[in-house]
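Undergrad: Structure provided below as structure tokens; questions to follow.
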Amino acid sequence: MPENAKAAVRHSVPPIALHRRITDHVMTGLSIVTVIVVLTPLFAIFAYLVYRGVGSINWAFLTQTPKPVGEAGGGMANAVVGSVFILAIASVIGVPLGIGAGIYLAEYARNRFGDAIRFTADVLNGVPSIVIGIVAYALVVLTQRHFSALAGGVALAIMMIPTISRTTEEMLLLVPQALREAAYGLGIPRWRTTLSITLRTATSGVITGIMLAFARVAGETAPLLFTAFGNQFWNLRMDQPTAALPLQIFSYAISPYDEWHRQAWAGALVLIILIVFAVAAVRFAVRRGTFGAA
């Protein structure tokens with residue numbers, strides 16, 4: 001482009017008004033301040049948790065079961081394993097149902113029945129966790145006539161399903177309709193298009209929803225009080241009461257013993273670390289393409 005033409009273009013673009021630039025800087029500053037205000041309590045809580053809990057984390061804490069009152073040492077190894085066990089049960093139940101419900105809502109339920117399901121999912125997202133624990137108690141514990149890891153997994157799965165289903169639906173709706181139409185034009189059945197193209201394209205968002213649901217239920221205590229109940233010993237049977245970190249932390253936190261208070265802080269720190277590690281590991285795998293396109 002000739003120099004005179006470039007000069008004409010520069011002169012034809014009006015300068016940005018002063019009030020617009022001021023407004024831009026003010027709103028940017030407010031956005032930064034808002035982020036700082038939101039993140040500061042989070043970092044403060046985490047720092048205080050590290051300060052109170054890191055001193056009680058040792059090899060015995062991670063490998064031993066709780067000691068009786070008055071005995072030094074002991075740990076929460078059975079609670080760590082129990083939490084992983086219960087969360088695995090919840091994921092096996094909740095993730096397929098949540099994804100399936102999300103696929104149905106996005107691809108097949110643009111009607112009143114779908115609206116009813118969406119409303120129900122939104123209501124369940126706001127139901128207190130203790131209510132869900134009572135429901136799981138009535139459905140599973142009373143049927144089995146005893147507390148169990150299965151009952152705890154069912155309670156947490158009920159909490160996971162609404163979040164996963166609504167997130168999956170929103171992610172699938174973001175996939176361009178042109179991709180679906182191209183697949184239909186090639187003669188690919190609708191179900192295969194949904195699973196192999198639409199769902200695969202939205203994999204990153206779907207997994208994000210799964211991890212949000214996982215992080216939400218990992219620290220829940222109230223549902224497990226009515227279902228898993230807790231255990232002072234090792235247990236990997238689905239039909240028996242099982243220890244869990246939230247339960248052990250709650251039990252130690254309300255006790256009058258200083259040693260148990262210190263272990264409660266350590267357990268809370270371990271729980272946070274496990275959640276962060278699990279979420280980070282899944283996000284890393286997604287970005288590397290292990291579970292599909294990111």
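Lettering and numbering for the structure tokens are positional, with chains as A, B, ... in the shown order, residues counted from 1 in each chain, and ligands counted from 1 in the shown order.
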Can you pull out the residues contacting range 183-195 of chain A? Cut-off 9 Å, using only C-alpha atoms, and skip same-chain residues under 5 positions away; I want them as a ChimeraX atom specification.

TA: /A:103,107,178,200

Undergrad: Residues at most 10 Å from Ala215 in chain A, counting only C-alpha atoms, excluding those fewer than 2 positions away in the same chain, as a PyMOL selection string?

TA: chain A and resi 160+209-213+217-220+272+274-276+278-279

Undergrad: Near Pro223 in chain A, within 8 Å and counting only C-alpha atoms, which residues show up once chain neighbours fewer than 6 positions away are dropped, as a short mmCIF file (atom, residue, chain, number, x, y, z; two decimals) with N, CA and C atoms, in the first residue's frame?

TA:
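The resulting file, result_6.cif, is reproduced below:
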```cif
data_model
loop_
_atom_site.label_atom_id
_atom_site.label_comp_id
_atom_site.auth_asym_id
_atom_site.auth_seq_id
_atom_site.Cartn_x
_atom_site.Cartn_y
_atom_site.Cartn_z
N SER A 129 -26.86 -30.89 51.45
CA SER A 129 -26.27 -32.23 51.36
C SER A 129 -26.81 -33.17 52.44
N ILE A 130 -27.18 -32.62 53.59
CA ILE A 130 -27.69 -33.49 54.65
C ILE A 130 -29.02 -34.13 54.25
N VAL A 131 -29.80 -33.41 53.45
CA VAL A 131 -31.07 -33.97 52.96
C VAL A 131 -30.80 -35.15 52.03
N ILE A 132 -29.80 -34.99 51.17
CA ILE A 132 -29.43 -36.09 50.28
C ILE A 132 -28.92 -37.28 51.09
N GLY A 133 -28.20 -37.00 52.18
CA GLY A 133 -27.76 -38.09 53.04
C GLY A 133 -28.92 -38.84 53.66
N ILE A 134 -29.96 -38.12 54.06
CA ILE A 134 -31.15 -38.78 54.63
C ILE A 134 -31.85 -39.63 53.59
N ALA A 136 -30.40 -41.08 50.95
CA ALA A 136 -29.58 -42.27 50.75
C ALA A 136 -29.73 -43.23 51.94
N GLY A 152 -22.67 -44.56 51.15
CA GLY A 152 -21.97 -43.30 51.01
C GLY A 152 -21.73 -42.94 49.55
N ALA A 155 -24.99 -41.68 48.00
CA ALA A 155 -25.29 -40.31 48.42
C ALA A 155 -24.47 -39.29 47.64
N LEU A 156 -23.18 -39.55 47.51
CA LEU A 156 -22.33 -38.62 46.78
C LEU A 156 -22.65 -38.64 45.28
#
```

Undergrad: Any chance you could list, as a ChimeraX atom specification, the residues in range 105-160 of chain A that come up helix (DSSP H, G or I) when DSSP is run on the backbone?

TA: /A:105-107,112-126,129-144,149-160

Undergrad: Can you pull out the residues contacting Ser91 in chain A? Cut-off 10 Å, using only C-alpha atoms, and skip same-chain residues under 5 positions away; I want them as a ChimeraX atom specification.

TA: /A:85-86,96-98,153-154,156-157,160-161,210,213-214
